file model-v2.tsv (TSV, C-alpha atoms and all ligand atoms)
chain	number	residue	atom	x	y	z
A	96	MET	CA	-32.47	16.08	32.48
A	97	THR	CA	-29.21	14.14	32.72
A	98	VAL	CA	-28.51	11.54	30.04
A	99	ASN	CA	-26.51	8.41	30.84
A	100	ILE	CA	-23.72	7.77	28.33
A	101	LEU	CA	-21.80	4.51	28.42
A	102	PHE	CA	-18.22	4.68	27.14
A	103	ALA	CA	-17.76	1.22	25.59
A	104	ALA	CA	-14.27	1.15	24.12
A	105	LYS	CA	-10.92	-0.32	25.16
A	106	PRO	CA	-9.95	0.88	28.69
A	107	ALA	CA	-6.87	2.64	27.24
A	108	SER	CA	-9.15	4.96	25.23
A	109	TRP	CA	-10.88	6.23	28.37
A	110	ALA	CA	-7.85	8.27	29.40
A	111	ALA	CA	-7.80	9.96	25.98
A	112	TYR	CA	-11.54	10.56	25.72
A	113	GLU	CA	-12.88	11.22	29.20
A	114	THR	CA	-11.96	14.92	29.41
A	115	PRO	CA	-12.61	15.87	25.74
A	116	LEU	CA	-16.00	14.13	25.80
A	117	LYS	CA	-17.07	15.76	29.06
A	118	THR	CA	-15.94	19.15	27.73
A	119	ALA	CA	-17.70	18.70	24.38
A	120	LEU	CA	-20.95	17.54	26.02
A	121	HIS	CA	-20.86	20.55	28.32
A	122	GLU	CA	-20.18	22.90	25.39
A	123	ALA	CA	-23.08	21.31	23.48
A	124	GLY	CA	-25.36	22.10	26.42
A	125	VAL	CA	-25.93	18.43	27.27
A	126	SER	CA	-26.16	17.44	30.92
A	127	ALA	CA	-24.57	14.01	30.88
A	128	ASP	CA	-23.30	11.32	33.18
A	129	LEU	CA	-20.46	9.72	31.19
A	130	ARG	CA	-19.15	6.48	32.63
A	131	ARG	CA	-17.69	3.09	31.78
A	132	ASP	CA	-20.24	1.18	33.81
A	133	PHE	CA	-24.01	1.43	34.02
A	134	ALA	CA	-26.78	-1.07	34.41
A	135	PRO	CA	-27.60	-1.65	30.70
A	136	ALA	CA	-31.25	-0.66	31.10
A	137	GLU	CA	-30.16	2.81	32.33
A	138	VAL	CA	-28.05	3.70	29.29
A	139	ASP	CA	-29.29	6.43	26.91
A	140	TYR	CA	-26.34	6.45	24.45
A	141	ILE	CA	-23.33	4.23	23.86
A	142	VAL	CA	-20.04	5.75	22.70
A	143	TYR	CA	-18.64	2.70	21.00
A	144	ALA	CA	-15.58	1.06	19.51
A	145	PRO	CA	-16.12	-2.29	17.80
A	146	ASP	CA	-13.32	-3.93	19.84
A	147	SER	CA	-15.32	-3.20	23.03
A	148	THR	CA	-16.51	-6.02	25.28
A	149	VAL	CA	-20.10	-4.89	24.56
A	150	GLN	CA	-21.22	-7.19	21.75
A	151	ASP	CA	-24.79	-7.94	22.85
A	152	PHE	CA	-26.95	-4.83	22.66
A	153	THR	CA	-30.16	-6.61	23.70
A	154	PRO	CA	-30.10	-5.42	27.37
A	155	TYR	CA	-29.68	-1.75	26.35
A	156	THR	CA	-33.42	-1.30	26.05
A	157	ARG	CA	-33.44	2.48	26.59
A	158	CYS	CA	-30.46	3.28	24.33
A	159	LYS	CA	-31.29	5.85	21.65
A	160	ALA	CA	-28.14	5.51	19.53
A	161	VAL	CA	-24.76	3.81	19.30
A	162	LEU	CA	-22.12	6.38	18.39
A	163	ASN	CA	-19.06	4.76	16.82
A	164	LEU	CA	-15.62	6.24	17.45
A	165	TRP	CA	-14.31	4.70	14.23
A	166	ALA	CA	-15.09	5.50	10.59
A	167	GLY	CA	-15.20	1.81	9.67
A	168	VAL	CA	-18.24	-0.12	10.90
A	169	GLU	CA	-17.72	-3.53	9.27
A	170	ASN	CA	-17.26	-5.22	12.68
A	171	VAL	CA	-20.52	-3.91	14.15
A	172	VAL	CA	-22.92	-3.28	11.27
A	173	GLY	CA	-23.86	-6.96	10.98
A	174	ASN	CA	-24.53	-7.38	14.72
A	175	THR	CA	-28.12	-8.61	14.79
A	176	THR	CA	-28.59	-7.59	18.45
A	177	LEU	CA	-28.05	-3.95	17.47
A	178	THR	CA	-31.44	-2.48	16.64
A	179	GLN	CA	-30.66	1.10	17.66
A	180	PRO	CA	-29.44	3.73	15.13
A	181	LEU	CA	-25.69	3.40	14.51
A	182	ALA	CA	-23.62	6.48	13.65
A	183	ARG	CA	-20.10	6.21	12.27
A	184	MET	CA	-17.32	8.71	12.90
A	185	VAL	CA	-16.82	11.61	10.51
A	186	ASP	CA	-14.25	13.81	12.16
A	187	HIS	CA	-12.12	16.71	11.02
A	188	GLY	CA	-9.01	15.11	12.54
A	189	LEU	CA	-9.68	11.79	10.82
A	190	THR	CA	-10.21	13.49	7.46
A	191	GLN	CA	-7.19	15.77	7.70
A	192	GLY	CA	-4.96	12.89	8.83
A	193	MET	CA	-6.05	10.78	5.86
A	194	LEU	CA	-5.58	13.66	3.46
A	195	GLU	CA	-1.99	14.07	4.71
A	196	TRP	CA	-1.21	10.32	4.52
A	197	VAL	CA	-2.61	10.06	0.99
A	198	THR	CA	-1.10	13.21	-0.50
A	199	GLY	CA	2.31	12.40	1.00
A	200	ARG	CA	2.32	8.94	-0.54
A	201	VAL	CA	0.93	10.06	-3.89
A	202	LEU	CA	3.76	12.63	-4.08
A	203	ARG	CA	6.33	9.97	-3.11
A	204	HIS	CA	5.42	7.84	-6.11
A	205	HIS	CA	4.63	10.68	-8.48
A	206	LEU	CA	8.05	12.28	-7.92
A	207	GLY	CA	9.94	8.97	-7.76
A	208	MET	CA	11.46	9.99	-4.43
A	209	ASP	CA	12.60	6.46	-3.59
A	210	ALA	CA	15.36	6.54	-6.22
A	211	HIS	CA	17.04	9.44	-4.46
A	212	ILE	CA	16.35	8.25	-0.91
A	213	HIS	CA	17.92	4.87	-1.71
A	214	GLY	CA	20.74	6.65	-3.63
A	215	LEU	CA	21.71	6.72	-7.30
A	216	GLN	CA	25.06	4.96	-6.58
A	217	GLY	CA	27.12	7.42	-8.59
A	218	ARG	CA	24.84	7.44	-11.64
A	219	TRP	CA	23.80	10.96	-12.73
A	220	ASP	CA	20.42	9.51	-13.66
A	221	LYS	CA	18.22	12.49	-14.31
A	222	HIS	CA	14.65	11.22	-14.58
A	223	VAL	CA	12.23	14.13	-14.71
A	224	PRO	CA	8.71	13.20	-13.53
A	225	PRO	CA	5.65	14.44	-15.40
A	226	LEU	CA	3.77	17.37	-13.96
A	227	ALA	CA	0.86	16.49	-11.69
A	228	GLU	CA	-1.60	17.46	-14.41
A	229	ASP	CA	-0.21	14.58	-16.50
A	230	ARG	CA	-0.48	12.04	-13.66
A	231	PRO	CA	-3.87	10.31	-13.49
A	232	VAL	CA	-4.83	9.40	-9.93
A	233	THR	CA	-7.99	7.43	-9.14
A	234	ILE	CA	-9.72	7.49	-5.78
A	235	LEU	CA	-11.99	4.50	-5.18
A	236	GLY	CA	-14.58	5.70	-2.65
A	237	MET	CA	-15.71	9.31	-2.67
A	238	GLY	CA	-17.09	9.59	0.85
A	239	ALA	CA	-15.93	11.80	3.70
A	240	LEU	CA	-12.29	10.72	3.30
A	241	GLY	CA	-12.07	9.97	-0.42
A	242	SER	CA	-13.67	13.23	-1.54
A	243	ALA	CA	-11.37	15.27	0.76
A	244	CYS	CA	-8.33	13.49	-0.70
A	245	ALA	CA	-9.66	13.95	-4.25
A	246	ARG	CA	-10.10	17.68	-3.68
A	247	ALA	CA	-6.63	18.04	-2.17
A	248	LEU	CA	-4.97	16.14	-5.03
A	249	ALA	CA	-6.94	18.11	-7.62
A	250	GLY	CA	-5.83	21.25	-5.80
A	251	LEU	CA	-2.21	20.14	-6.31
A	252	GLY	CA	-2.97	19.85	-10.00
A	253	PHE	CA	-3.35	16.06	-10.35
A	254	ASP	CA	-5.66	14.59	-12.97
A	255	VAL	CA	-8.11	13.05	-10.48
A	256	THR	CA	-10.87	10.53	-11.12
A	257	GLY	CA	-13.20	9.50	-8.30
A	258	TRP	CA	-15.38	6.40	-8.22
A	259	SER	CA	-18.30	5.66	-5.93
A	260	ARG	CA	-21.56	3.70	-5.74
A	261	SER	CA	-23.80	6.66	-6.50
A	262	ALA	CA	-23.17	9.69	-8.71
A	263	HIS	CA	-21.14	12.56	-7.23
A	264	ASP	CA	-20.22	16.03	-8.43
A	265	VAL	CA	-16.92	17.34	-7.09
A	266	GLU	CA	-15.32	20.36	-8.71
A	267	GLY	CA	-12.08	19.53	-10.49
A	268	VAL	CA	-12.63	15.76	-10.21
A	269	ARG	CA	-13.92	13.38	-12.90
A	270	CYS	CA	-16.63	11.54	-10.98
A	271	LEU	CA	-17.63	8.05	-12.11
A	272	HIS	CA	-19.84	5.40	-10.58
A	273	GLY	CA	-21.15	1.90	-11.10
A	274	ASP	CA	-19.51	-1.06	-12.88
A	275	ALA	CA	-18.79	0.75	-16.15
A	276	GLY	CA	-17.36	3.64	-14.18
A	277	LEU	CA	-15.01	1.30	-12.31
A	278	ALA	CA	-13.53	-0.12	-15.52
A	279	GLN	CA	-12.94	3.42	-16.79
A	280	ALA	CA	-11.52	4.61	-13.46
A	281	LEU	CA	-9.07	1.68	-13.30
A	282	SER	CA	-7.98	1.94	-16.94
A	283	THR	CA	-6.24	5.28	-16.32
A	284	ALA	CA	-5.19	4.78	-12.67
A	285	GLU	CA	-1.42	5.26	-12.59
A	286	ILE	CA	-1.94	5.73	-8.85
A	287	ALA	CA	-5.05	4.25	-7.20
A	288	VAL	CA	-6.16	5.10	-3.66
A	289	LEU	CA	-8.63	2.76	-1.94
A	290	LEU	CA	-10.98	4.56	0.43
A	291	LEU	CA	-13.96	2.25	0.28
A	292	PRO	CA	-15.67	0.69	3.29
A	293	LEU	CA	-15.47	-3.09	3.60
A	294	THR	CA	-18.87	-4.52	2.66
A	295	ALA	CA	-20.16	-7.57	0.84
A	296	ALA	CA	-20.02	-5.52	-2.37
A	297	THR	CA	-16.44	-4.25	-1.96
A	298	GLN	CA	-14.68	-7.35	-0.61
A	299	ASN	CA	-11.91	-8.45	-3.04
A	300	LEU	CA	-12.86	-5.57	-5.34
A	301	LEU	CA	-9.29	-5.42	-6.59
A	302	ASN	CA	-9.00	-9.00	-7.86
A	303	ALA	CA	-6.74	-10.35	-10.60
A	304	ASP	CA	-9.06	-9.17	-13.40
A	305	ARG	CA	-9.30	-5.62	-12.08
A	306	LEU	CA	-5.58	-5.38	-11.34
A	307	ALA	CA	-5.02	-6.36	-14.99
A	308	GLN	CA	-7.22	-3.46	-16.11
A	309	MET	CA	-4.84	-0.90	-14.56
A	310	PRO	CA	-1.95	0.67	-16.49
A	311	ARG	CA	1.21	-1.47	-16.31
A	312	GLY	CA	3.37	-0.44	-13.34
A	313	ALA	CA	0.49	1.28	-11.49
A	314	VAL	CA	0.86	2.13	-7.81
A	315	ILE	CA	-1.77	1.12	-5.24
A	316	LEU	CA	-2.30	2.91	-1.93
A	317	ASN	CA	-4.67	1.10	0.43
A	318	PRO	CA	-5.66	2.97	3.58
A	319	GLY	CA	-9.24	1.58	3.28
A	320	ARG	CA	-9.49	-2.03	4.46
A	321	GLY	CA	-7.23	-5.02	3.76
A	322	ALA	CA	-9.92	-7.28	2.33
A	323	LEU	CA	-10.69	-4.80	-0.48
A	324	ILE	CA	-7.75	-6.45	-2.28
A	325	ASP	CA	-7.18	-10.12	-3.10
A	326	ASP	CA	-3.74	-10.55	-1.46
A	327	ASP	CA	-2.59	-13.41	-3.71
A	328	ALA	CA	-3.65	-11.57	-6.85
A	329	LEU	CA	-1.78	-8.47	-5.67
A	330	LEU	CA	1.40	-10.44	-4.94
A	331	ALA	CA	1.21	-12.05	-8.41
A	332	ALA	CA	0.66	-8.65	-10.04
A	333	LEU	CA	3.61	-7.17	-8.12
A	334	ASP	CA	5.84	-10.09	-9.15
A	335	SER	CA	4.90	-9.72	-12.81
A	336	GLY	CA	5.40	-5.92	-12.77
A	337	GLN	CA	1.73	-5.27	-13.63
A	338	ILE	CA	1.58	-3.39	-10.33
A	339	GLY	CA	4.71	-1.36	-9.66
A	340	HIS	CA	4.28	-0.77	-5.93
A	341	ALA	CA	1.70	-1.13	-3.17
A	342	THR	CA	1.64	0.93	0.00
A	343	LEU	CA	-0.65	-0.88	2.41
A	344	ASP	CA	-1.90	0.47	5.73
A	345	VAL	CA	-4.62	-2.11	6.39
A	346	PHE	CA	-4.65	-5.90	6.28
A	347	ARG	CA	-6.97	-8.87	6.57
A	348	VAL	CA	-5.24	-9.79	9.83
A	349	GLU	CA	-3.83	-7.01	12.02
A	350	PRO	CA	-1.14	-6.76	13.21
A	351	LEU	CA	0.14	-8.17	9.90
A	352	PRO	CA	1.66	-11.59	10.81
A	353	GLY	CA	5.47	-11.60	10.81
A	354	ASP	CA	5.68	-14.25	8.11
A	355	HIS	CA	3.33	-12.50	5.68
A	356	PRO	CA	4.99	-12.01	2.26
A	357	PHE	CA	4.03	-8.30	2.25
A	358	TRP	CA	6.69	-7.55	4.89
A	359	ALA	CA	9.62	-8.68	2.75
A	360	HIS	CA	8.33	-7.87	-0.73
A	361	PRO	CA	10.58	-5.25	-2.36
A	362	SER	CA	7.60	-3.52	-3.98
A	363	VAL	CA	5.42	-3.29	-0.87
A	364	THR	CA	5.49	-0.62	1.82
A	365	VAL	CA	3.71	-1.61	5.03
A	366	THR	CA	2.39	1.04	7.41
A	367	PRO	CA	0.80	-0.21	10.66
A	368	HIS	CA	-2.82	1.03	10.31
A	369	LEU	CA	-1.90	4.60	11.09
A	370	ALA	CA	-3.14	6.39	7.98
A	371	SER	CA	-5.62	8.24	10.10
A	372	GLU	CA	-6.62	8.15	13.75
A	373	THR	CA	-9.76	9.52	15.33
A	374	ARG	CA	-8.66	12.64	17.26
A	375	PRO	CA	-10.32	12.79	20.68
A	376	THR	CA	-10.94	16.56	20.78
A	377	SER	CA	-12.64	16.92	17.40
A	378	ALA	CA	-14.30	13.48	17.55
A	379	SER	CA	-15.80	14.29	20.96
A	380	ARG	CA	-17.55	17.31	19.44
A	381	VAL	CA	-19.10	15.04	16.80
A	382	ILE	CA	-20.34	12.63	19.49
A	383	ALA	CA	-21.69	15.48	21.62
A	384	GLU	CA	-23.50	16.98	18.65
A	385	ASN	CA	-25.29	13.70	17.99
A	386	VAL	CA	-26.32	13.40	21.65
A	387	ARG	CA	-27.57	17.00	21.52
A	388	ARG	CA	-29.55	16.16	18.39
A	389	GLY	CA	-31.03	13.06	19.98
A	390	GLU	CA	-32.16	15.03	23.01
A	391	ALA	CA	-33.58	17.85	20.85
A	392	GLY	CA	-35.53	15.40	18.68
A	393	GLU	CA	-33.41	16.28	15.63
A	394	PRO	CA	-32.15	13.60	13.21
A	395	PHE	CA	-28.76	12.05	13.99
A	396	VAL	CA	-25.89	12.74	11.56
A	397	HIS	CA	-23.55	10.18	9.95
A	398	LEU	CA	-26.00	7.31	10.31
A	399	VAL	CA	-24.98	3.97	8.86
A	400	ASP	CA	-27.25	2.40	6.24
A	401	ARG	CA	-27.58	-1.13	7.63
A	402	LYS	CA	-28.55	-2.63	4.26
A	403	LEU	CA	-25.58	-1.12	2.41
A	404	GLY	CA	-23.25	-1.90	5.33
A	405	TYR	CA	-21.64	1.53	5.61
B	501	LIG	N1	-6.49	3.34	7.61
B	501	LIG	C1	-7.09	4.15	8.46
B	501	LIG	O1	-6.47	4.66	9.39
B	501	LIG	C2	-8.54	4.48	8.26
B	501	LIG	C3	-9.11	5.52	8.98
B	501	LIG	C4	-10.44	5.86	8.75
B	501	LIG	C5	-11.17	5.17	7.81
B	501	LIG	N2	-10.60	4.14	7.11
B	501	LIG	C6	-11.37	3.42	6.09
B	501	LIG	O2	-11.84	4.34	5.12
B	501	LIG	C7	-13.16	3.96	4.74
B	501	LIG	C8	-13.88	5.12	4.10
B	501	LIG	O3	-14.24	6.07	5.10
B	501	LIG	P1	-15.24	7.28	4.79
B	501	LIG	O4	-15.48	7.97	6.06
B	501	LIG	O5	-14.78	8.06	3.61
B	501	LIG	O6	-16.55	6.44	4.36
B	501	LIG	P2	-17.86	6.99	3.65
B	501	LIG	O7	-18.01	8.45	3.85
B	501	LIG	O8	-18.96	6.08	4.05
B	501	LIG	O9	-17.56	6.79	2.09
B	501	LIG	C9	-17.54	5.55	1.48
B	501	LIG	C10	-17.42	5.74	-0.01
B	501	LIG	O10	-17.33	4.44	-0.63
B	501	LIG	C11	-18.32	4.35	-1.63
B	501	LIG	N3	-18.80	2.98	-1.77
B	501	LIG	C12	-19.33	2.17	-0.81
B	501	LIG	N4	-19.68	0.99	-1.35
B	501	LIG	C13	-19.39	1.06	-2.68
B	501	LIG	C14	-19.55	0.17	-3.76
B	501	LIG	N5	-20.07	-1.04	-3.60
B	501	LIG	N6	-19.15	0.58	-4.97
B	501	LIG	C15	-18.62	1.81	-5.15
B	501	LIG	N7	-18.45	2.72	-4.16
B	501	LIG	C16	-18.83	2.33	-2.93
B	501	LIG	C17	-19.43	5.25	-1.19
B	501	LIG	O11	-20.24	5.57	-2.30
B	501	LIG	P3	-21.47	6.61	-2.18
B	501	LIG	O12	-20.79	7.96	-2.02
B	501	LIG	O13	-22.15	6.48	-3.48
B	501	LIG	O14	-22.25	6.21	-0.97
B	501	LIG	C18	-18.65	6.43	-0.61
B	501	LIG	O15	-18.24	7.29	-1.65
B	501	LIG	C19	-13.76	3.47	6.07
B	501	LIG	O16	-14.87	2.62	5.83
B	501	LIG	C20	-12.60	2.73	6.67
B	501	LIG	O17	-12.63	1.38	6.21
B	501	LIG	C21	-9.30	3.80	7.33
call {"tool": "encode", "arguments": {"input": "model-v2.tsv", "output": "structure tokens", "more": "lines below"}}
Ligand SMILES: NC(=O)c1ccc[n+]([C@@H]2O[C@H](COP(=O)([O-])OP(=O)(O)OC[C@H]3O[C@@H](n4cnc5c(N)ncnc54)[C@H](OP(=O)(O)O)[C@@H]3O)[C@@H](O)[C@H]2O)c1
result
Amino acid sequence: MTVNILFAAKPASWAAYETPLKTALHEAGVSADLRRDFAPAEVDYIVYAPDSTVQDFTPYTRCKAVLNLWAGVENVVGNTTLTQPLARMVDHGLTQGMLEWVTGRVLRHHLGMDAHIHGLQGRWDKHVPPLAEDRPVTILGMGALGSACARALAGLGFDVTGWSRSAHDVEGVRCLHGDAGLAQALSTAEIAVLLLPLTAATQNLLNADRLAQMPRGAVILNPGRGALIDDDALLAALDSGQIGHATLDVFRVEPLPGDHPFWAHPSVTVTPHLASETRPTSASRVIAENVRRGEAGEPFVHLVDRKLGY
């Protein structure tokens, strides 16, 4: 039987995804009609991006699952018209891209590369960094992305602590959870990486109190979501030297408005939400596998817990 799959993402994504999705569905043994337009009542699955024009799921009465192309679901998880299962994206390309963004920026700050890139201006200023094993790095969020980054950094020898909602066990990583775990994880975080989803429980997680719990001069890397950090508290902590530097990939408003103080702050590096992109070839295989599962009566993978919001 042929399943009808609606591609509901920005038109520009269609060019990138049409061929990889059709190939992956074929390879998964799924006979599919993949299109950008269907009568809603004929749709079996929706391949979805939250910036799609589809915001009312009520007419999609036959739809068995909404398969998100993005890892973050904060813009769709609260949609009360969505009663179907929602799967988020867990993709090799997304994970590897994030691992590269994070390790590159951890090494930048660990090694103090900026001093040499900006130039020592004739001073033979030989500052030897500690070895990685003497550099505590904390990863907030130990999911698909955070745990891969934690493993990679531990593999480079860093002293890695991971923090999550529930208990985890990752070889070579000190795994903490809950409120007490957060205080402990922040107290040693010379470099902190935010890889939490944006939910009611994580919004403004890094507020003035928590920033004050970090070692003086700590570095923050935020490829998670902008609203995980209280912007004003971060700016105050940067100005006072409590936080030494922040590399921010994600913001409350994107693109980051031109007059936002982050752009000009000497201790902030802005990257334009590029830490990690969903890669069409590998992501299409993930989508196709979930369609295959749906058709075979097997449970979907990477389902979002609607109560937890991620
Ligand atoms: N900048 C970019 O280009 C980019 C790209 C992709 C993703 N992202 C962001 O990265 C985020 C993480 O992605 P992922 O795939 O790793 O997500 P994930 O697999 O769902 O992992 C989320 C992690 O956060 C933890 N967590 C959630 N709520 C928490 C809370 N209240 N307290 C403590 N820990 C909490 C979870 O704990 P448990 O393990 O206990 O459940 C889990 O370890 C996405 O939501 C998205 O916002 C950014």
call {"tool": "residues_near_ligand", "arguments": {"input": "model-v2.tsv", "ligand": "ligand LIG 501 (chain B)", "cutoff": "7 Å", "atoms": "only C-alpha atoms and all ligand atoms", "output": "ChimeraX atom specification"}}
result
/A:165-168,185,189,193,235-241,258-263,272-273,290-294,296-297,318-320,344-345,368-372,405
call {"tool": "atom_distance", "arguments": {"input": "model-v2.tsv", "atom1": "CA of Pro135 (chain A)", "atom2": "CA of Tyr155 (chain A)"}}
result
4.8 Å
call {"tool": "atom_distance", "arguments": {"input": "model-v2.tsv", "atom1": "CA of Gly192 (chain A)", "atom2": "CA of Thr364 (chain A)"}}
result
18.5 Å
call {"tool": "closest_residue", "arguments": {"input": "model-v2.tsv", "among": "A:Ala104, A:Leu162, A:Leu351, A:Val314", "to": "Leu333 (chain A)", "atoms": "only C-alpha atoms"}}
result
A:Val314
call {"tool": "residues_around", "arguments": {"input": "model-v2.tsv", "residues": "Ala249 (chain A)", "least_positions_apart": "3", "cutoff": "10 Å", "atoms": "all atoms listed in the file", "output": "short mmCIF file (atom, residue, chain, number, x, y, z; two decimals) with C-alpha atoms, in the frame of the given file"}}
result
data_model
loop_
_atom_site.label_atom_id
_atom_site.label_comp_id
_atom_site.auth_asym_id
_atom_site.auth_seq_id
_atom_site.Cartn_x
_atom_site.Cartn_y
_atom_site.Cartn_z
CA ALA A 227 0.86 16.49 -11.69
CA GLU A 228 -1.60 17.46 -14.41
CA VAL A 232 -4.83 9.40 -9.93
CA ALA A 243 -11.37 15.27 0.76
CA CYS A 244 -8.33 13.49 -0.70
CA ALA A 245 -9.66 13.95 -4.25
CA ARG A 246 -10.10 17.68 -3.68
CA GLY A 252 -2.97 19.85 -10.00
CA PHE A 253 -3.35 16.06 -10.35
CA ASP A 254 -5.66 14.59 -12.97
CA VAL A 255 -8.11 13.05 -10.48
CA THR A 256 -10.87 10.53 -11.12
CA GLU A 266 -15.32 20.36 -8.71
CA GLY A 267 -12.08 19.53 -10.49
CA VAL A 268 -12.63 15.76 -10.21
CA ARG A 269 -13.92 13.38 -12.90
#
call {"tool": "atom_distance", "arguments": {"input": "model-v2.tsv", "atom1": "CA of Ala383 (chain A)", "atom2": "CA of Thr118 (chain A)"}}
result
9.2 Å
call {"tool": "decode", "arguments": {"input": "model-v2.tsv", "residues": "region 154-161 of chain A", "atoms": "all heavy atoms", "output": "mmCIF file, in the first residue's frame"}}
result
data_model
loop_
_atom_site.group_PDB
_atom_site.id
_atom_site.type_symbol
_atom_site.label_atom_id
_atom_site.label_comp_id
_atom_site.auth_asym_id
_atom_site.auth_seq_id
_atom_site.Cartn_x
_atom_site.Cartn_y
_atom_site.Cartn_z
ATOM 1 N N PRO A 154 -7.377 19.089 10.821
ATOM 2 C CA PRO A 154 -7.920 18.400 9.633
ATOM 3 C C PRO A 154 -7.146 17.141 9.230
ATOM 4 O O PRO A 154 -7.606 16.410 8.351
ATOM 5 C CB PRO A 154 -7.804 19.450 8.521
ATOM 6 C CG PRO A 154 -7.260 20.684 9.115
ATOM 7 C CD PRO A 154 -6.770 20.378 10.485
ATOM 8 N N TYR A 155 -6.008 16.876 9.857
ATOM 9 C CA TYR A 155 -5.186 15.719 9.455
ATOM 10 C C TYR A 155 -5.642 14.478 10.230
ATOM 11 O O TYR A 155 -4.923 13.896 11.032
ATOM 12 C CB TYR A 155 -3.697 16.025 9.675
ATOM 13 C CG TYR A 155 -3.236 17.149 8.781
ATOM 14 C CD1 TYR A 155 -3.313 18.479 9.206
ATOM 15 C CD2 TYR A 155 -2.773 16.887 7.495
ATOM 16 C CE1 TYR A 155 -2.933 19.523 8.354
ATOM 17 C CE2 TYR A 155 -2.400 17.930 6.645
ATOM 18 C CZ TYR A 155 -2.488 19.236 7.088
ATOM 19 O OH TYR A 155 -2.129 20.259 6.247
ATOM 20 N N THR A 156 -6.862 14.089 9.964
ATOM 21 C CA THR A 156 -7.537 13.078 10.791
ATOM 22 C C THR A 156 -6.931 11.681 10.656
ATOM 23 O O THR A 156 -7.052 10.859 11.555
ATOM 24 C CB THR A 156 -9.023 13.021 10.392
ATOM 25 O OG1 THR A 156 -9.089 12.989 8.954
ATOM 26 C CG2 THR A 156 -9.770 14.237 10.886
ATOM 27 N N ARG A 157 -6.248 11.424 9.543
ATOM 28 C CA ARG A 157 -5.709 10.081 9.296
ATOM 29 C C ARG A 157 -4.228 9.996 9.666
ATOM 30 O O ARG A 157 -3.625 8.919 9.630
ATOM 31 C CB ARG A 157 -5.908 9.808 7.803
ATOM 32 C CG ARG A 157 -5.577 8.433 7.364
ATOM 33 C CD ARG A 157 -6.101 8.229 5.957
ATOM 34 N NE ARG A 157 -5.027 8.100 4.987
ATOM 35 C CZ ARG A 157 -5.212 7.992 3.679
ATOM 36 N NH1 ARG A 157 -6.426 8.060 3.166
ATOM 37 N NH2 ARG A 157 -4.192 7.845 2.862
ATOM 38 N N CYS A 158 -3.625 11.129 10.001
ATOM 39 C CA CYS A 158 -2.173 11.212 10.197
ATOM 40 C C CYS A 158 -1.732 10.366 11.398
ATOM 41 O O CYS A 158 -2.288 10.487 12.491
ATOM 42 C CB CYS A 158 -1.796 12.680 10.398
ATOM 43 S SG CYS A 158 -0.062 12.915 10.750
ATOM 44 N N LYS A 159 -0.710 9.526 11.158
ATOM 45 C CA LYS A 159 -0.259 8.614 12.217
ATOM 46 C C LYS A 159 0.876 9.196 13.041
ATOM 47 O O LYS A 159 1.109 8.759 14.166
ATOM 48 C CB LYS A 159 0.213 7.295 11.592
ATOM 49 C CG LYS A 159 -0.897 6.538 10.894
ATOM 50 C CD LYS A 159 -0.346 5.330 10.148
ATOM 51 C CE LYS A 159 -1.370 4.821 9.153
ATOM 52 N NZ LYS A 159 -0.775 3.939 8.146
ATOM 53 N N ALA A 160 1.623 10.145 12.475
ATOM 54 C CA ALA A 160 2.724 10.752 13.240
ATOM 55 C C ALA A 160 3.202 12.010 12.540
ATOM 56 O O ALA A 160 3.126 12.124 11.317
ATOM 57 C CB ALA A 160 3.892 9.774 13.380
ATOM 58 N N VAL A 161 3.700 12.934 13.346
ATOM 59 C CA VAL A 161 4.352 14.143 12.838
ATOM 60 C C VAL A 161 5.840 13.978 13.116
ATOM 61 O O VAL A 161 6.250 13.772 14.265
ATOM 62 C CB VAL A 161 3.782 15.409 13.525
ATOM 63 C CG1 VAL A 161 4.557 16.645 13.121
ATOM 64 C CG2 VAL A 161 2.299 15.560 13.167
#
